[in-house]
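**Q** Hey, dropping target-v3.txt in here, compact mmCIF, C-alpha atoms:
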# COMPACT_ATOMS: atom_id res chain seq x y z
CA MET P 1 -4.00 6.21 -4.92
CA ASN P 2 -1.56 3.39 -4.17
CA ILE P 3 -3.52 0.47 -2.72
CA ARG P 4 -0.30 -1.38 -1.82
CA SER P 5 0.57 1.34 0.69
CA LEU P 6 -2.45 0.40 2.83
CA THR P 7 -1.86 -1.54 6.05
CA ARG P 8 -3.79 -4.16 7.98
CA GLY P 9 -5.02 -1.37 10.21
CA ASP P 10 -6.60 0.23 7.16
CA GLY P 11 -8.28 -3.10 6.43
CA VAL P 12 -9.82 -3.10 9.92
CA VAL P 13 -10.95 0.51 9.40
CA ILE P 14 -12.62 -0.39 6.10
CA GLY P 15 -14.38 -3.42 7.61
CA ALA P 16 -15.67 -1.43 10.60
CA ALA P 17 -16.94 1.32 8.29
CA VAL P 18 -18.88 -1.25 6.24
CA VAL P 19 -20.51 -2.66 9.39
CA LEU P 20 -21.34 0.88 10.54
CA PHE P 21 -22.99 1.58 7.20
CA ILE P 22 -25.11 -1.59 7.46
CA ALA P 23 -26.11 -0.76 11.06
CA SER P 24 -27.40 2.64 9.96
CA PHE P 25 -30.29 0.92 8.15
CA LEU P 26 -31.34 -1.25 11.12
CA ASP P 27 -33.88 -0.35 13.80
CA ILE P 28 -32.56 2.09 16.38
CA ALA P 29 -35.19 1.16 19.00
CA GLY P 30 -36.88 -2.06 20.01
CA CYS P 31 -40.39 -2.78 21.24
CA ALA P 32 -40.84 -3.34 24.98
CA GLY P 33 -44.52 -4.33 24.85
CA THR P 34 -46.24 -7.63 24.22
CA PRO P 35 -46.02 -9.21 20.77
CA GLU P 36 -49.60 -8.14 20.05
CA GLU P 37 -48.87 -4.55 21.01
CA CYS P 38 -45.62 -4.50 19.05
CA SER P 39 -47.24 -5.87 15.92
CA ARG P 40 -50.02 -3.29 16.18
CA TYR P 41 -48.27 -0.12 17.33
CA TYR P 42 -44.54 -0.54 16.74
CA THR P 43 -43.03 1.23 13.72
CA SER P 44 -39.52 0.44 12.49
CA VAL P 45 -37.23 3.49 12.39
CA ASN P 46 -33.61 3.58 11.20
CA SER P 47 -30.98 6.24 11.77
CA TRP P 48 -31.53 8.02 8.45
CA GLU P 49 -35.12 8.79 9.41
CA ILE P 50 -33.69 10.80 12.32
CA SER P 51 -31.37 13.10 10.42
CA TYR P 52 -29.20 14.30 13.29
CA LEU P 53 -28.48 10.67 14.25
CA GLY P 54 -27.81 9.39 10.74
CA TRP P 55 -25.75 12.35 9.55
CA GLY P 56 -24.31 13.37 12.90
CA SER P 57 -23.15 9.93 14.07
CA PHE P 58 -23.21 7.19 11.43
CA PHE P 59 -22.17 9.29 8.44
CA LEU P 60 -19.53 11.05 10.55
CA GLY P 61 -17.82 7.73 11.28
CA ILE P 62 -18.03 6.53 7.68
CA ALA P 63 -16.60 9.81 6.38
CA GLY P 64 -13.80 9.68 8.96
CA ALA P 65 -12.84 6.15 7.86
CA ALA P 66 -12.77 7.27 4.22
CA LEU P 67 -10.48 10.21 5.04
CA VAL P 68 -8.05 8.00 6.98
CA VAL P 69 -7.80 5.38 4.24
CA VAL P 70 -7.46 7.93 1.43
CA SER P 71 -4.74 9.81 3.32
CA HIS P 72 -2.69 6.60 3.65
CA GLY P 73 -3.05 5.83 -0.05
CA MET P 74 -1.77 9.21 -1.22
CA PRO P 75 1.91 9.60 -2.18
CA GLN P 76 2.09 12.90 -0.27
CA PRO P 77 -0.03 14.03 2.68
CA ARG P 78 -2.78 16.54 1.93
CA LYS P 79 -3.77 19.23 4.43
CA VAL P 80 -6.99 21.13 5.07
CA VAL P 81 -6.83 24.25 7.30
CA GLY P 82 -3.41 23.09 8.48
CA LEU P 83 -4.51 19.55 9.43
CA GLU P 84 -3.78 16.36 7.51
CA LEU P 85 -6.70 14.37 6.15
CA GLY P 86 -5.83 11.46 8.43
CA GLN P 87 -6.01 13.67 11.52
CA ILE P 88 -9.41 15.04 10.52
CA GLY P 89 -10.66 11.51 9.81
CA ALA P 90 -9.46 10.29 13.22
CA ALA P 91 -11.35 13.12 14.92
CA PHE P 92 -14.50 12.18 12.99
CA THR P 93 -14.32 8.52 14.07
CA ILE P 94 -13.88 9.47 17.75
CA ALA P 95 -16.84 11.89 17.56
CA SER P 96 -18.98 9.19 15.95
CA ALA P 97 -18.21 6.66 18.70
CA TRP P 98 -18.85 9.24 21.42
CA THR P 99 -22.24 10.38 20.08
CA LEU P 100 -23.44 6.80 19.56
CA LEU P 101 -22.41 6.00 23.14
CA MET P 102 -24.55 8.90 24.35
CA TRP P 103 -27.49 7.63 22.28
CA ILE P 104 -27.17 4.19 23.91
CA PHE P 105 -27.23 5.73 27.39
CA GLU P 106 -30.31 7.83 26.62
CA ALA P 107 -32.28 5.15 24.76
CA GLU P 108 -34.85 3.28 26.84
CA ASN P 109 -34.81 0.26 24.57
CA ALA P 110 -31.89 0.39 22.11
CA GLY P 111 -32.39 -1.48 18.87
CA ALA P 112 -29.99 -3.51 16.76
CA GLY P 113 -28.96 -0.45 14.74
CA LEU P 114 -27.70 1.47 17.78
CA ILE P 115 -25.99 -1.53 19.39
CA LEU P 116 -24.24 -2.73 16.23
CA GLY P 117 -23.42 0.85 15.24
CA LEU P 118 -21.79 1.55 18.60
CA ILE P 119 -19.66 -1.61 18.39
CA ALA P 120 -18.55 -0.76 14.85
CA ALA P 121 -17.78 2.86 15.80
CA LEU P 122 -15.69 1.77 18.81
CA VAL P 123 -13.71 -0.71 16.68
CA LEU P 124 -13.27 1.95 14.00
CA ALA P 125 -11.93 4.58 16.41
CA ALA P 126 -9.67 2.04 18.15
CA ALA P 127 -8.20 0.86 14.83
CA VAL P 128 -7.49 4.42 13.70
CA LEU P 129 -5.70 5.27 16.97
CA ALA P 130 -3.84 1.96 17.39
CA ALA P 131 -2.73 1.39 13.77
CA PRO P 132 0.39 3.64 13.97
CA MET P 133 1.54 1.96 17.21
CA VAL P 134 0.72 -1.76 16.91
CA PRO P 135 3.23 -3.66 14.68
CA ALA P 136 0.61 -6.20 13.56
CA LEU P 137 -1.59 -3.39 12.23
CA LYS P 138 1.33 -1.62 10.51
CA ALA P 139 2.04 -4.63 8.26
CA PRO P 140 1.10 -4.17 4.57
CA LEU P 141 -2.44 -5.17 3.66
CA VAL P 142 -1.26 -6.46 0.26
CA GLY P 143 2.14 -8.15 0.03
CA ALA P 144 4.89 -6.87 -2.23
CA PRO P 145 4.41 -8.12 -5.81
CA ARG P 146 6.84 -10.65 -7.24
CA PRO P 147 8.76 -8.75 -9.94
CA ALA P 148 8.03 -10.03 -13.42
CA VAL P 149 10.87 -11.43 -15.51
CA ALA P 150 11.25 -9.90 -18.95
CA GLN P 151 12.79 -11.68 -21.95
CA PRO P 152 16.29 -10.55 -23.02
CA TYR P 153 16.74 -8.71 -26.27
CA GLY P 154 16.32 -11.08 -29.20
CA ALA P 155 14.90 -14.00 -27.18
CA GLN P 156 11.56 -15.59 -27.99
CA PRO P 157 8.89 -15.86 -25.27
CA GLY P 158 9.00 -19.23 -23.55
CA GLN P 159 12.58 -19.99 -24.68
CA PRO P 160 14.04 -22.44 -22.11
CA GLY P 161 17.29 -21.70 -20.30
CA VAL P 162 17.15 -17.93 -20.82
CA GLN P 163 16.61 -15.56 -17.91
CA GLY P 164 16.81 -11.82 -17.69
CA GLY P 165 15.09 -8.66 -16.61
CA GLY P 166 14.52 -5.25 -18.12
CA TYR P 167 14.58 -1.78 -16.62
CA GLY P 168 12.18 -1.55 -13.73
CA TYR P 169 12.74 -5.06 -12.39
CA PRO P 170 15.43 -6.24 -9.96
CA GLY P 171 17.69 -9.08 -10.96
CA ALA P 172 18.47 -8.11 -14.55
CA HIS P 173 21.15 -10.77 -15.11
CA GLN P 174 22.04 -13.10 -17.90
CA GLY P 175 23.21 -16.64 -17.20
CA PRO P 176 26.65 -17.82 -18.31
CA GLN P 177 26.97 -18.88 -21.92
CA PRO P 178 28.40 -22.38 -22.54
CA TYR P 179 31.70 -22.58 -24.40
CA PRO P 180 31.08 -23.89 -27.94
CA ALA P 181 32.13 -27.49 -28.52
CA PRO P 182 34.88 -28.06 -31.09
CA GLN P 183 33.73 -29.17 -34.54
CA ASP P 184 35.54 -30.89 -37.31
CA ALA P 185 36.11 -28.79 -40.42
CA SER P 186 35.01 -31.73 -42.56
CA GLN P 187 31.52 -31.48 -41.06
CA GLY P 188 31.00 -27.97 -42.36
CA GLY P 189 31.41 -26.23 -38.98
CA GLN P 190 34.02 -23.74 -37.82
CA PRO P 191 37.45 -25.28 -37.13
CA TYR P 192 38.47 -25.55 -33.50
CA GLY P 193 40.26 -22.43 -32.32
CA GLN P 194 38.73 -20.16 -34.98
CA PRO P 195 36.65 -17.18 -33.77
CA GLN P 196 32.91 -17.63 -33.89
CA PRO P 197 30.80 -15.38 -36.15
CA ALA P 198 29.67 -12.12 -34.58
CA ALA P 199 26.01 -13.12 -34.96
CA ALA P 200 26.49 -15.99 -32.49
CA GLN P 201 27.41 -13.66 -29.63
CA PRO P 202 24.57 -12.98 -27.16
CA ALA P 203 23.16 -9.48 -27.07
CA PRO P 204 24.32 -7.45 -24.06
CA GLN P 205 21.81 -6.86 -21.31
CA PRO P 206 21.01 -3.32 -20.18
CA GLU P 207 22.14 -2.63 -16.63
CA PRO P 208 21.28 0.41 -14.50
CA GLN P 209 24.15 2.86 -14.62
CA ALA P 210 25.60 4.09 -11.35
CA GLN P 211 25.15 7.78 -10.85
CA GLY P 212 27.13 8.14 -7.63
CA GLY P 213 30.51 6.94 -8.86
CA GLY P 214 32.92 4.82 -6.78
CA ASP P 215 32.32 1.14 -6.12
CA PHE P 216 28.60 1.47 -5.46
CA THR P 217 26.41 -0.82 -7.55
CA PRO P 218 22.79 0.28 -8.13
CA PHE P 219 20.15 -2.11 -6.85
CA TRP P 220 16.38 -2.33 -6.59
CA PHE P 221 14.72 -2.23 -3.22
CA ALA P 222 11.32 -1.99 -1.51
CA VAL P 223 10.54 -0.40 1.84
CA PRO P 224 8.67 -2.30 4.61
CA VAL P 225 6.56 0.76 5.54
CA ALA P 226 5.90 4.15 3.98
CA ARG P 227 8.98 6.36 4.28
CA PRO P 228 9.64 9.95 3.19
CA LEU P 229 12.08 10.89 0.43
CA TYR P 230 13.83 14.21 1.03
CA ALA P 231 15.40 16.65 -1.41
CA GLU P 232 19.12 16.26 -2.20
CA ASP P 233 19.91 19.93 -1.54
CA GLY P 234 19.77 19.40 2.23
CA SER P 235 16.77 21.69 2.72
CA GLY P 236 14.86 18.93 4.53
CA SER P 237 11.80 19.27 2.30
CA GLN P 238 9.94 16.07 1.42
CA ILE P 239 9.59 15.46 -2.32
CA ALA P 240 7.87 12.06 -2.27
CA GLU P 241 6.87 9.15 -0.10
CA LEU P 242 8.12 5.62 -0.83
CA ALA P 243 5.26 3.14 -0.49
CA PRO P 244 5.52 -0.57 0.41
CA GLY P 245 5.05 -2.98 -2.48
CA THR P 246 6.79 -0.74 -5.04
CA TRP P 247 10.35 -1.19 -6.33
CA TYR P 248 12.70 1.79 -6.30
CA LEU P 249 16.25 2.17 -7.63
CA ALA P 250 19.10 3.00 -5.27
CA VAL P 251 21.67 4.93 -7.32
CA GLU P 252 24.08 6.20 -4.66
CA GLN P 253 24.97 5.80 -1.00
CA ARG P 254 25.82 8.72 1.28
CA GLY P 255 26.84 7.43 4.68
CA GLN P 256 23.85 5.56 6.10
CA ALA P 257 21.43 7.18 3.63
CA LEU P 258 20.56 6.12 0.09
CA ILE P 259 19.91 8.23 -2.98
CA ALA P 260 16.74 6.68 -4.43
CA GLN P 261 15.01 7.23 -7.74
CA THR P 262 11.24 6.88 -8.16
CA GLN P 263 9.39 5.56 -11.19
CA ASP P 264 8.78 9.06 -12.51
CA GLY P 265 12.49 9.96 -12.39
CA ARG P 266 12.57 11.99 -9.16
CA ARG P 267 15.66 11.56 -6.99
CA GLY P 268 15.94 12.15 -3.28
CA VAL P 269 17.55 11.06 -0.02
CA LEU P 270 16.15 8.06 1.88
CA GLN P 271 17.45 8.71 5.39
CA ASP P 272 16.02 5.54 6.95
CA ALA P 273 17.14 2.48 4.99
CA THR P 274 16.66 -0.08 7.78
CA GLY P 275 14.71 -3.21 6.91
CA ILE P 276 14.55 -2.60 3.16
CA GLN P 277 14.09 -5.55 0.82
CA ARG P 278 16.75 -5.76 -1.89
CA GLY P 279 15.75 -7.01 -5.30
For this file, produce the structure as structure tokens.

**A**
Amino acid sequence: MNIRSLTRGDGVVIGAAVVLFIASFLDIAGCAGTPEECSRYYTSVNSWEISYLGWGSFFLGIAGAALVVVSHGMPQPRKVVGLELGQIGAAFTIASAWTLLMWIFEAENAGAGLILGLIAALVLAAAVLAAPMVPALKAPLVGAPRPAVAQPYGAQPGQPGVQGGGYGYPGAHQGPQPYPAPQDASQGGQPYGQPQPAAAQPAPQPEPQAQGGGDFTPFWFAVPVARPLYAEDGSGSQIAELAPGTWYLAVEQRGQALIAQTQDGRRGVLQDATGIQRG
């Protein structure tokens, strides 16, 4: 499960599910009598002591939130009886809010558990339905990581003035090397104009090789939202899903589409390359 593919909407769903879980342990009914009568006759009851309320309303909403969040964290959508996990989870959250609303209407003196549970269930169902449509909720929950900078071949860790990156990180470049200053032969150095020893030459840096030919230069990129990666054979089948917060390698360009390579070596066509972040 890729946590970086979760959105702010998923964060609201998780928070509402936590509140719903807490509300399930609170009293579902209050006491309408005098303090003396309440202290003598009133018995605290939570939703789990009434099984069809606890399992049929509270647990239904919590399970629906879990299905929605898990479906968004998977690289490829999973289906059960032809429905995606996110669709089943959304149906669960709506059913939970509806049943708790009916309990509020039928209760003579609703307690804190029912009231707080209804509020959490309504927020949960609203977040699940609005997350795909509201831009603020579609933003990534965790920002894209800053790519680490690896040491070039032969360099010691912490060596000043040396920058570079290895495979898997954008920006694998080596800074320009200063031209050696001339030295006098009497000082034991190489005479001016003589070639330097081979050992003094910097080691070459590995660069990603272009696989599409032409003038295209491979580059690293990250997508702003989850986007599908289709097969190169034109069949239209989805082979993977690119998740926000992960760097992918663009190896070829075909019109407006990019040929992208995932970390496990799979290649496919990214048809929607708008808004990508180049490394």

**Q** Take CA of Phe219 in chain P and CA of Ser235 in chain P and report the distance between them in Å, one decimal.

**A**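 One can read the CA of Phe219 in chain P to CA of Ser235 in chain P distance as 25.9 Å.
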
**Q** Looking at P:Leu249, P:Val70, P:Leu85, P:Ala121, which one is nearest to Leu6 in chain P, with distances taken over all atoms listed in the file?

**A**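 Result for the nearest residue to Leu6 in chain P: P:Val70.
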
**Q** Find the spatial neighbours of Leu101 in chain P, counting all atoms listed in the file, within a cut-off of 10 Å - ignore same-chain residues fewer than 4 positions away - and output them as a VMD selection string.

**A** chain P and resid 57 95 to 97 105 to 106 114 to 115 117 to 119 121 to 122

**Q** Quick one: pull the distance between CA of Ile239 in chain P and CA of Thr262 in chain P, Å, one decimal.

**A** 10.5 Å

**Q** So, counting only C-alpha atoms, which residue among P:Ala273, P:Val13, P:Ile104, P:Leu67 is closest to Ala29 in chain P?

**A**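 Of all the options, P:Ile104 lies closest to Ala29 in chain P.
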
**Q** Of the candidates P:Ile28, P:Val12, P:Glu49, P:Ala257, which one gets nearest to Leu129 in chain P if we count only C-alpha atoms?

**A**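 The closest residue to Leu129 in chain P is P:Val12.
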
**Q** Could you pull the residues within 9 Å of range 224-229 of chain P, counting only C-alpha atoms, minus those fewer than 4 positions along the same chain, as an mmCIF file with C-alpha atoms, in the coordinates of the input?

**A**
data_model
loop_
_atom_site.group_PDB
_atom_site.id
_atom_site.type_symbol
_atom_site.label_atom_id
_atom_site.label_comp_id
_atom_site.auth_asym_id
_atom_site.auth_seq_id
_atom_site.Cartn_x
_atom_site.Cartn_y
_atom_site.Cartn_z
ATOM 1 C CA SER P 5 0.570 1.340 0.690
ATOM 2 C CA THR P 7 -1.860 -1.540 6.050
ATOM 3 C CA HIS P 72 -2.690 6.600 3.650
ATOM 4 C CA GLN P 76 2.090 12.900 -0.270
ATOM 5 C CA LYS P 138 1.330 -1.620 10.510
ATOM 6 C CA ALA P 139 2.040 -4.630 8.260
ATOM 7 C CA PRO P 140 1.100 -4.170 4.570
ATOM 8 C CA SER P 237 11.800 19.270 2.300
ATOM 9 C CA GLN P 238 9.940 16.070 1.420
ATOM 10 C CA ILE P 239 9.590 15.460 -2.320
ATOM 11 C CA ALA P 240 7.870 12.060 -2.270
ATOM 12 C CA GLU P 241 6.870 9.150 -0.100
ATOM 13 C CA LEU P 242 8.120 5.620 -0.830
ATOM 14 C CA ALA P 243 5.260 3.140 -0.490
ATOM 15 C CA PRO P 244 5.520 -0.570 0.410
ATOM 16 C CA GLY P 245 5.050 -2.980 -2.480
ATOM 17 C CA ILE P 259 19.910 8.230 -2.980
ATOM 18 C CA ALA P 260 16.740 6.680 -4.430
ATOM 19 C CA ARG P 267 15.660 11.560 -6.990
ATOM 20 C CA GLY P 268 15.940 12.150 -3.280
ATOM 21 C CA VAL P 269 17.550 11.060 -0.020
ATOM 22 C CA LEU P 270 16.150 8.060 1.880
ATOM 23 C CA GLN P 271 17.450 8.710 5.390
ATOM 24 C CA ASP P 272 16.020 5.540 6.950
ATOM 25 C CA THR P 274 16.660 -0.080 7.780
ATOM 26 C CA GLY P 275 14.710 -3.210 6.910
ATOM 27 C CA ILE P 276 14.550 -2.600 3.160
ATOM 28 C CA GLN P 277 14.090 -5.550 0.820
#
